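K.L.:
Next comes the structure file query_12.txt, holding compact mmCIF, C-alpha atoms.
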# COMPACT_ATOMS: atom_id res chain seq x y z
CA MET A 106 -18.83 -6.61 -29.92
CA SER A 107 -16.43 -7.06 -27.00
CA ARG A 108 -17.26 -10.78 -26.71
CA ARG A 109 -15.42 -11.40 -29.97
CA TYR A 110 -12.18 -10.04 -28.50
CA ASP A 111 -12.24 -10.85 -24.78
CA GLN A 112 -11.10 -14.48 -25.05
CA SER A 113 -7.47 -13.64 -25.75
CA THR A 114 -4.92 -11.34 -24.12
CA THR A 115 -3.09 -10.92 -27.42
CA THR A 116 -5.95 -9.54 -29.55
CA PHE A 117 -6.86 -5.88 -29.53
CA SER A 118 -10.50 -4.86 -29.94
CA PRO A 119 -11.37 -2.26 -32.62
CA GLU A 120 -11.34 0.34 -29.82
CA GLY A 121 -7.71 -0.56 -29.03
CA ARG A 122 -8.47 -2.34 -25.76
CA LEU A 123 -7.27 -5.60 -24.24
CA HIS A 124 -10.38 -6.84 -22.46
CA GLN A 125 -8.68 -9.58 -20.42
CA VAL A 126 -6.34 -7.00 -18.89
CA GLU A 127 -9.29 -4.76 -18.06
CA TYR A 128 -11.11 -7.67 -16.42
CA ALA A 129 -8.04 -8.32 -14.26
CA MET A 130 -8.08 -4.66 -13.18
CA GLU A 131 -11.78 -5.01 -12.31
CA ALA A 132 -10.95 -7.94 -10.04
CA ILE A 133 -8.51 -5.68 -8.19
CA ASN A 134 -11.17 -3.01 -7.74
CA ASN A 135 -13.24 -5.59 -5.84
CA ALA A 136 -10.39 -6.50 -3.49
CA GLY A 137 -9.80 -5.13 0.02
CA THR A 138 -8.66 -1.52 0.16
CA CYS A 139 -4.91 -0.82 0.43
CA VAL A 140 -3.42 2.56 1.35
CA GLY A 141 0.17 3.75 0.98
CA ILE A 142 1.39 7.09 2.36
CA VAL A 143 4.92 8.49 2.13
CA ASP A 144 5.43 10.84 5.07
CA PRO A 145 6.15 14.30 3.57
CA ASN A 146 8.59 15.00 6.42
CA GLY A 147 10.76 12.04 5.43
CA ASN A 148 10.00 9.93 8.50
CA GLY A 149 8.96 6.80 6.59
CA ILE A 150 6.07 5.10 4.83
CA VAL A 151 2.75 3.86 6.19
CA LEU A 152 1.07 0.87 4.53
CA ALA A 153 -2.47 0.04 5.65
CA ALA A 154 -4.92 -2.54 4.35
CA GLU A 155 -8.37 -3.94 5.02
CA LYS A 156 -8.45 -7.62 5.92
CA ARG A 157 -11.52 -9.39 4.56
CA VAL A 158 -13.30 -11.65 7.07
CA VAL A 159 -14.65 -14.53 4.96
CA SER A 160 -16.02 -16.57 7.88
CA LYS A 161 -15.83 -16.46 11.66
CA LEU A 162 -15.04 -20.19 11.58
CA LEU A 163 -11.90 -19.62 9.52
CA ALA A 164 -8.70 -19.97 11.57
CA PRO A 165 -6.68 -16.72 11.70
CA SER A 166 -3.73 -16.57 9.36
CA LYS A 167 -0.33 -17.19 10.94
CA ILE A 168 1.34 -14.88 8.45
CA SER A 169 0.43 -11.48 7.09
CA GLU A 170 -2.52 -11.51 4.70
CA LYS A 171 -1.77 -8.28 2.84
CA THR A 172 1.83 -7.19 3.54
CA TYR A 173 4.90 -9.11 2.38
CA PRO A 174 8.62 -8.29 2.73
CA ILE A 175 10.67 -8.45 -0.47
CA ASP A 176 14.07 -7.55 0.95
CA ASP A 177 15.39 -5.81 4.06
CA HIS A 178 14.53 -2.43 2.49
CA ILE A 179 11.43 -3.27 0.38
CA CYS A 180 7.95 -4.56 1.21
CA CYS A 181 4.62 -4.57 -0.61
CA LEU A 182 0.86 -4.52 -0.16
CA VAL A 183 -1.31 -6.88 -2.21
CA ALA A 184 -4.75 -6.26 -3.72
CA GLY A 185 -6.28 -9.08 -5.73
CA PHE A 186 -5.71 -12.83 -5.95
CA SER A 187 -3.23 -13.90 -3.27
CA SER A 188 -2.29 -17.02 -5.26
CA ASP A 189 -1.19 -14.84 -8.19
CA ALA A 190 0.62 -12.53 -5.79
CA ALA A 191 2.63 -15.41 -4.29
CA ILE A 192 4.25 -16.15 -7.67
CA LEU A 193 5.22 -12.51 -8.23
CA ILE A 194 6.46 -12.00 -4.66
CA GLN A 195 8.73 -15.02 -4.99
CA GLU A 196 10.03 -13.65 -8.31
CA ALA A 197 10.73 -10.26 -6.69
CA ARG A 198 12.56 -11.88 -3.77
CA LEU A 199 14.72 -13.97 -6.09
CA GLY A 200 15.53 -10.87 -8.17
CA ALA A 201 16.55 -8.90 -5.08
CA GLN A 202 18.89 -11.66 -3.87
CA ARG A 203 20.42 -12.15 -7.32
CA TYR A 204 21.18 -8.41 -7.48
CA LEU A 205 22.70 -8.51 -3.99
CA TYR A 206 24.86 -11.52 -4.90
CA THR A 207 26.04 -9.94 -8.16
CA TYR A 208 26.69 -6.35 -7.07
CA GLN A 209 27.10 -6.72 -3.29
CA GLU A 210 24.56 -3.98 -2.58
CA PRO A 211 20.77 -3.85 -2.14
CA VAL A 212 18.68 -3.63 -5.29
CA PRO A 213 17.29 -0.12 -6.02
CA VAL A 214 13.58 0.02 -5.27
CA GLU A 215 12.48 1.11 -8.74
CA GLN A 216 14.61 -1.54 -10.44
CA SER A 217 12.91 -4.25 -8.38
CA VAL A 218 9.48 -2.85 -9.32
CA LYS A 219 10.42 -2.58 -12.99
CA SER A 220 11.59 -6.20 -13.18
CA ILE A 221 8.29 -7.45 -11.74
CA CYS A 222 6.30 -5.27 -14.13
CA ASN A 223 8.26 -6.65 -17.08
CA TYR A 224 7.34 -10.15 -15.88
CA LYS A 225 3.67 -9.17 -15.54
CA GLN A 226 3.64 -7.55 -18.97
CA SER A 227 4.91 -10.74 -20.62
CA TYR A 228 1.70 -12.47 -19.50
CA THR A 229 -0.32 -10.05 -21.63
CA GLN A 230 1.66 -10.58 -24.83
CA PHE A 231 1.76 -14.34 -25.42
CA GLY A 232 -1.07 -16.73 -26.20
CA GLY A 233 -2.18 -19.34 -23.68
CA LEU A 234 -1.52 -17.07 -20.70
CA ARG A 235 -3.72 -14.81 -18.62
CA PRO A 236 -2.80 -11.57 -16.81
CA PHE A 237 -1.98 -11.70 -13.12
CA GLY A 238 -5.08 -10.59 -11.22
CA VAL A 239 -3.15 -8.62 -8.63
CA ALA A 240 -1.89 -5.09 -8.04
CA PHE A 241 0.90 -4.09 -5.66
CA LEU A 242 1.93 -1.10 -3.62
CA PHE A 243 5.72 -1.38 -3.34
CA ALA A 244 7.31 0.62 -0.52
CA GLY A 245 11.05 0.89 -0.01
CA TYR A 246 14.09 2.96 0.76
CA ASP A 247 17.40 3.34 -1.01
CA ILE A 248 20.27 5.71 -0.41
CA ASN A 249 19.88 7.58 -3.70
CA ASN A 250 16.15 8.32 -3.73
CA GLY A 251 15.05 7.90 -0.11
CA PHE A 252 11.59 6.54 0.64
CA GLN A 253 9.58 5.55 -2.43
CA LEU A 254 6.09 4.23 -3.13
CA TYR A 255 5.11 2.56 -6.41
CA GLN A 256 1.84 1.15 -7.72
CA THR A 257 1.75 -1.66 -10.28
CA ASP A 258 -1.17 -3.07 -12.26
CA PRO A 259 -1.80 -6.25 -14.34
CA SER A 260 -0.82 -4.57 -17.61
CA GLY A 261 2.77 -4.16 -16.40
CA ASN A 262 2.54 -0.41 -15.89
CA TYR A 263 3.90 1.16 -12.73
CA SER A 264 3.92 4.66 -11.32
CA GLY A 265 5.46 6.46 -8.37
CA TRP A 266 3.21 8.13 -5.78
CA LYS A 267 3.43 10.26 -2.66
CA ALA A 268 0.21 8.62 -1.46
CA THR A 269 -2.37 6.43 -3.16
CA VAL A 270 -5.18 3.91 -2.69
CA ILE A 271 -5.92 0.67 -4.56
CA GLY A 272 -8.72 -1.84 -4.19
CA GLN A 273 -12.38 -1.31 -3.39
CA ASN A 274 -13.66 2.29 -3.30
CA ASN A 275 -10.22 3.58 -4.23
CA GLN A 276 -11.65 6.76 -5.77
CA ALA A 277 -13.23 7.76 -2.44
CA GLY A 278 -9.89 7.17 -0.73
CA LYS A 279 -7.97 9.21 -3.29
CA SER A 280 -10.36 12.14 -2.89
CA ILE A 281 -9.56 12.19 0.86
CA LEU A 282 -5.84 12.12 0.10
CA LYS A 283 -6.17 15.09 -2.26
CA THR A 284 -7.58 17.25 0.55
CA ASP A 285 -5.71 15.90 3.59
CA TYR A 286 -2.27 14.94 2.29
CA ASN A 287 0.13 17.81 2.93
CA GLU A 288 3.11 18.57 5.13
CA THR A 289 1.08 20.72 7.54
CA ASN A 290 -1.57 18.09 8.26
CA LEU A 291 0.97 15.27 8.60
CA THR A 292 3.32 17.02 11.03
CA PRO A 293 2.96 15.90 14.68
CA ASN A 294 1.46 18.62 16.88
CA ASN A 295 4.14 18.26 19.51
CA ASN A 296 7.06 19.26 17.32
CA ASN A 297 7.16 22.79 18.69
CA ASN A 298 6.20 21.94 22.26
CA GLU A 299 9.07 20.88 24.51
CA ASN A 300 6.74 19.80 27.30
CA ASN A 301 5.04 17.11 25.24
CA ASN A 302 6.21 13.53 24.97
CA ASN A 303 9.06 13.41 22.47
CA ASN A 304 8.65 9.65 22.10
CA GLU A 305 5.46 9.98 20.06
CA ASN A 306 5.72 8.23 16.74
CA PRO A 307 6.41 10.86 14.05
CA LEU A 308 4.29 8.77 11.65
CA THR A 309 1.19 9.12 13.85
CA PRO A 310 -0.56 11.70 11.56
CA SER A 311 0.06 9.47 8.52
CA ILE A 312 -1.25 6.41 10.40
CA ASN A 313 -4.38 8.35 11.40
CA LEU A 314 -4.94 9.46 7.79
CA ALA A 315 -4.61 5.87 6.54
CA ILE A 316 -7.13 4.65 9.13
CA LYS A 317 -9.51 7.49 8.23
CA ILE A 318 -9.42 6.39 4.58
CA LEU A 319 -10.05 2.73 5.45
CA LEU A 320 -13.02 3.73 7.64
CA LYS A 321 -14.53 5.59 4.68
CA THR A 322 -13.99 2.77 2.20
CA MET A 323 -14.86 -0.26 4.35
CA ASP A 324 -18.32 -1.80 4.14
CA SER A 325 -18.69 -2.06 7.93
CA SER A 326 -20.30 0.47 10.28
CA THR A 327 -18.59 -1.05 13.34
CA PRO A 328 -14.83 -0.90 12.76
CA ASP A 329 -12.72 -3.50 14.54
CA SER A 330 -8.92 -3.48 14.87
CA SER A 331 -8.80 -7.10 13.67
CA ARG A 332 -9.86 -5.93 10.20
CA PHE A 333 -6.90 -3.58 9.83
CA GLU A 334 -3.33 -4.40 8.92
CA ILE A 335 -0.81 -1.58 9.31
CA THR A 336 2.90 -1.73 8.54
CA LEU A 337 5.52 0.99 9.03
CA LEU A 338 8.73 1.38 7.05
CA THR A 339 11.24 3.63 8.80
CA LYS A 340 14.99 4.22 8.83
CA ASN A 341 17.61 4.38 11.56
CA LYS A 342 21.00 5.99 10.98
CA ARG A 343 23.90 4.05 12.52
CA ASP A 344 27.11 5.44 13.97
CA ASP A 345 29.00 4.56 10.78
CA ASN A 346 26.55 6.72 8.74
CA GLU A 347 24.96 3.63 7.21
CA VAL A 348 21.14 3.45 7.20
CA ASP A 349 19.16 0.54 8.59
CA VAL A 350 15.62 0.20 7.20
CA GLN A 351 13.15 -1.03 9.81
CA TYR A 352 10.01 -2.96 8.91
CA MET A 353 7.40 -3.05 11.69
CA LYS A 354 3.88 -4.45 11.72
CA LEU A 355 1.52 -3.00 14.33
CA ASN A 356 -0.29 -5.45 16.60
CA ASP A 357 -4.02 -5.34 17.41
CA LYS A 358 -3.49 -3.34 20.60
CA GLU A 359 -1.51 -0.64 18.80
CA ILE A 360 -4.01 -0.49 15.94
CA LYS A 361 -6.89 -0.16 18.42
CA TYR A 362 -5.11 2.80 20.07
CA TYR A 363 -4.88 4.68 16.75
CA LEU A 364 -8.36 3.55 15.65
CA ASP A 365 -10.03 4.84 18.82
CA GLY A 366 -8.29 8.19 18.40
CA VAL A 367 -9.49 8.59 14.80
CA VAL A 368 -13.06 7.55 15.65
CA THR A 369 -13.16 10.03 18.55
CA GLU A 370 -11.83 12.83 16.36
CA GLU A 371 -14.39 12.10 13.63
CA GLU A 372 -17.22 12.15 16.19
CA LYS A 373 -16.03 15.54 17.46
CA LYS A 374 -16.06 16.92 13.92
CA LYS A 375 -19.61 15.69 13.34
CA LYS A 376 -20.79 17.31 16.59
CA ASN A 377 -19.12 20.60 15.70
CA GLU A 378 -20.69 20.56 12.23
CA ALA A 379 -24.10 19.75 13.72
CA SER A 380 -23.86 22.60 16.26
CA THR A 381 -22.71 25.02 13.54
CA SER A 382 -25.63 24.13 11.28
CA SER A 383 -28.10 24.45 14.15
CA ASP A 384 -26.76 27.93 14.99
CA ILE A 385 -27.40 29.00 11.41
Can you give me the file's structure in the form of structure tokens?

P.N.:
Amino acid sequence: MSRRYDQSTTTFSPEGRLHQVEYAMEAINNAGTCVGIVDPNGNGIVLAAEKRVVSKLLAPSKISEKTYPIDDHICCLVAGFSSDAAILIQEARLGAQRYLYTYQEPVPVEQSVKSICNYKQSYTQFGGLRPFGVAFLFAGYDINNGFQLYQTDPSGNYSGWKATVIGQNNQAGKSILKTDYNETNLTPNNNNNENNNNNENPLTPSINLAIKILLKTMDSSTPDSSRFEITLLTKNKRDDNEVDVQYMKLNDKEIKYYLDGVVTEEEKKKKNEASTSSDI
């Protein structure tokens, strides 16, 4: 029955479904996993993604494969077809600069997301077009709403999240977030200890949680830092009370440091569980 209705994005099936849009969403579910976590303590946002290694002979990309800046205060993670994403990213960048030129202030994060979703939705409503086979995690900061994380899909829908996962095995990642995402777990252990190093990144617990999720969802038993891409969005208050948003991508050495810590912690948990079960 569905074959009669899946050739057009403008024709509903008797069940009220648009099959082409659903196929685009299925393409996203086969893409590399992307994780977005808003720190519950207000320290920033962690964006982490799995980089797919197509071939060892392929030259490494000179630019980011999964993370793209939109404006000084907005960036996004991509899951799906990168060629489709390039069109939408360019549209988002143009929209942000037009808003800045017109109103002399940065575009609000949600308004930027909404404009892109309106553009995506138009490709599901007119004949001769196909939906964009890409989903985004938009992360940004504005003075009115602070740090924000939004997920978009090919239908043009978007939703705000405290933490979420898109791409392959996203349900497994979301189940981990449901149990581990809370203010207690994501607060650095050294906050109440004056003798510890105060220079530790306050986003460390969120970074560790993102890596833990990627380890669970990746199809590799030997994790390598080259397969991870982690970006941090933080803020810095200036002397004139204005806020600078800082966009920082971790290098392989920094990712390896966090990765080794998570792997060691997971091995300790397994040993403790094994010794507990043996005692019983």

K.L.:
Determine, for each residue of stretch 335-376 of chain A having at least one atom at most 12 Å from an atom of stretch 198-216 of chain A, the closest pair of atoms and their separation in Å to one decimal, counting all atoms listed in the file; order by chain and ascending number, as a Markdown table.

P.N.:
| residue | atom | partner | partner_atom | distance |
| --- | --- | --- | --- | --- |
| A:Val348 | CA | A:Pro211 | CA | 11.9 |
| A:Asp349 | CA | A:Pro211 | CA | 11.7 |
| A:Val350 | CA | A:Pro211 | CA | 11.4 |

K.L.:
Identify which of the residues A:Ala191, A:Cys181, A:Ala268, A:Ala277 lies closest to A:Phe241, counting all atoms listed in the file when measuring atom-to-atom distances.

P.N.:
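Selected residue with least distance to A:Phe241: A:Cys181.
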
K.L.:
Produce a table with one row for each residue of stretch 182-295 of chain A that has an atom at most 12 Å from any atom of stretch 150-172 of chain A, each row naming the nearest atom pair and its distance in Å at one decimal; use all atoms listed in the file; arrange rows by chain and rising residue number; format as a tab-separated table.

P.N.:
residue	atom	partner	partner_atom	distance
A:Leu182	CA	A:Thr172	CA	4.7
A:Val183	CA	A:Lys171	CA	5.3
A:Ala184	CA	A:Lys171	CA	7.5
A:Gly185	CA	A:Lys171	CA	9.7
A:Phe186	CA	A:Lys171	CA	10.7
A:Ser187	CA	A:Glu170	CA	8.4
A:Ser188	CA	A:Glu170	CA	11.4
A:Ala190	CA	A:Lys171	CA	9.9
A:Ala191	CA	A:Lys171	CA	11.0
A:Ile194	CA	A:Thr172	CA	10.6
A:Val239	CA	A:Lys171	CA	11.6
A:Ala240	CA	A:Lys171	CA	11.3
A:Phe241	CA	A:Thr172	CA	9.8
A:Leu242	CA	A:Leu152	CA	8.4
A:Phe243	CA	A:Leu152	CA	9.4
A:Ala244	CA	A:Ile150	CA	7.1
A:Gly245	CA	A:Ile150	CA	8.1
A:Tyr246	CA	A:Ile150	CA	9.2
A:Gly251	CA	A:Ile150	CA	10.6
A:Phe252	CA	A:Ile150	CA	7.1
A:Gln253	CA	A:Ile150	CA	8.1
A:Leu254	CA	A:Ile150	CA	8.0
A:Tyr255	CA	A:Ile150	CA	11.6
A:Trp266	CA	A:Ile150	CA	11.4
A:Lys267	CA	A:Ile150	CA	9.5
A:Ala268	CA	A:Ile150	CA	9.3
A:Thr269	CA	A:Leu152	CA	10.1
A:Val270	CA	A:Ala154	CA	9.6
A:Ile271	CA	A:Ala154	CA	9.5
A:Gly272	CA	A:Ala154	CA	9.4
A:Gln273	CA	A:Glu155	CA	9.7
A:Asn274	CA	A:Glu155	CA	11.7
A:Asn275	CA	A:Ala154	CA	11.8
A:Leu291	CA	A:Val151	CA	11.8

K.L.:
Taking only C-alpha atoms into account, which of A:Ala315, A:Gln125, A:Gln256, A:Ala132 comes nearest A:Asp285?

P.N.:
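When distances to A:Asp285 are compared using only C-alpha atoms, the smallest one comes from A:Ala315.
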
K.L.:
Which protein, DNA or RNA residues have an atom at most 12 Å from (-0.8, 8.4, 9.6), counting all atoms listed in the file? List them as a PyMOL selection string.

P.N.:
chain A and resi 140-146+148-153+268+282+285-288+290-293+306-319+335-337+360+363-364+366-367

K.L.:
Counting all atoms listed in the file, figure out which residue out of A:Met353, A:Thr322, A:Glu359, A:Thr115 gets nearest to A:Gly232.

P.N.:
A:Thr115

K.L.:
Please measure the separation of atom CA of A:Gln230 and atom CA of A:Thr138, giving the value in Å to one decimal.

P.N.:
28.5 Å

K.L.:
Counting only C-alpha atoms, figure out which residue out of A:Asp357, A:Asp365, A:Asp324, A:Asp258 gets nearest to A:Glu127.

P.N.:
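Between A:Asp357, A:Asp365, A:Asp324, A:Asp258, the residue approaching A:Glu127 most closely is A:Asp258.
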
K.L.:
Tell me which of A:Asn377, A:Ser220, A:Thr284, A:Thr289 sits closest to A:Thr257, counting all atoms listed in the file.

P.N.:
A:Ser220

K.L.:
If the box runs along x, y and z of the file and leaves 5 Å on each side of stretch 308-313 of chain A, what are its centre and edge lengths in Å, one decimal, as JSON?

P.N.:
{"center_x": 0.0, "center_y": 9.1, "center_z": 11.2, "size_x": 18.7, "size_y": 15.3, "size_z": 15.3}

K.L.:
Record the distance separating atom CA of A:Ile175 and atom CA of A:Ile221, expressed in Å with one decimal.

P.N.:
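About the pair atom CA of A:Ile175 and atom CA of A:Ile221: they are 11.6 Å apart.
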
K.L.:
Residues near A:Phe231, anyone? I mean within 10 Å using only C-alpha atoms, not counting same-chain ones fewer than 2 positions away, as a list in words.

P.N.:
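These residues fall inside the cut-off: Ser113, Thr114, Thr115, Thr116, Gln226, Ser227, Tyr228, Thr229, Gly233, Leu234 and Arg235 of chain A.
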
K.L.:
Have a look at atom CA of A:Lys375 and atom CA of A:Asp329 and let me know their distance in Å, one decimal.

P.N.:
20.4 Å
